[in-house]
Amino acid sequence: MATVELRFSALPEHVRTARLVAAAVARRAGVDEAVLDEVRLAVGEACSRAVGLHRSAGIDSPVRVVLSEEEKKFSIEVGDEAPQGPAGSGVPPARTGAATHPDPERLPEEPSGEDEMGLAVISGLVDDVEVTSDDQGGVIRMSWPTNPDSGTS
Amino acid sequence: MDLSLSTRNVSGPSGDRTVVEVGGEIDVYTAPKLREQLVELVNDGSYHLVVDMEGVDFLDSTGLGVLVGGLKRVRAHEGSLRLVCNQERILKIFRITGLTKVFPIHTSVEEAVAAED
């Protein structure tokens, strides 16, 4: 199991760096080329959300991204240190994917509803995703299958 | 890659349209620039906007939020906001969020400019 870990200050300008690193490691791990766009987008959404949570809570510590190459999958964990309470408030109760009746008047606009829309994008993109949070912070775990023959290890 | 923005006015059969050509990456860092541009256009009285996204390499939910914000602003003035996009990876983001039902999405600037409101 090979792992790359990244920690960055909770600033929007560093989210792109996290996307690029995640896509590069995913490619190396053998994630299908057609799926790399999804990896890039999902990790960007997770990092943007973590940056937003740190900034709104005034947390100075960095956002943590762990990229793990496992036997048949590639997994990403994005961790924040924003306490969200034991019930996981702030996380939508249902990972609904596509909204069935979008009404622009009720859609999230910047910056308040980004969190919700970001999670909706992640849920729509990634089959294997888990969002957890407690009083220490939150973690988004995502994984994608890999093809061992296509990696460059 | 950073975000690039340029605007031009075009006269169509339904009236004047302002085309906003966007290039590069729209994410949590660059989206505020797009928001400022859209707010400025509406404040200056441009209520019929066509956002050309053919040069966009990356779009995330922050960018979607800015576009939704733009739509709300023009609608407050009986205006319109149409998108031009043929890129599957960008269209996919509109589909999974259900926003294809909210934004008129066209295959060319000409088609968007000619569309009747």
# chains A, B, ... in the order shown; residues from 1 in each chain; ligands from 1
>>> interface_residues(of="chain B", to="chain A", cutoff="9 Å", atoms="only C-alpha atoms", output="PyMOL selection string")
chain B and resi 27-30+58-69+71-72+89+93+95-99+101-102
>>> residues_around(residues="Val42 of chain B", least_positions_apart="5", cutoff="9 Å", atoms="only C-alpha atoms", output="PyMOL selection string")
chain B and resi 37+47-49+70+73-74+77
>>> residues_around(residues="Ser11 of chain B", least_positions_apart="3", cutoff="12 Å", atoms="only C-alpha atoms", output="list in words")
Arg8, Ser14, Gly15, Asp16, Arg17, Thr18, Val19, His48, Leu49, Val50, Val109, Glu110, Ala112, Val113, Ala114 and Ala115 of chain B
>>> select_by_dssp(residues="chain B", states="alpha helix (DSSP H)", output="ChimeraX atom specification")
/B:31-43,61-75,88-96,109-114
>>> atom_distance(atom1="atom CA of Leu83 of chain B", atom2="atom CA of Thr107 of chain B")
8.6 Å
>>> closest_residue(among="A:Glu81, A:Glu130, A:Ala46, A:Ser56", to="Ser143 of chain A", atoms="only C-alpha atoms")
A:Glu130
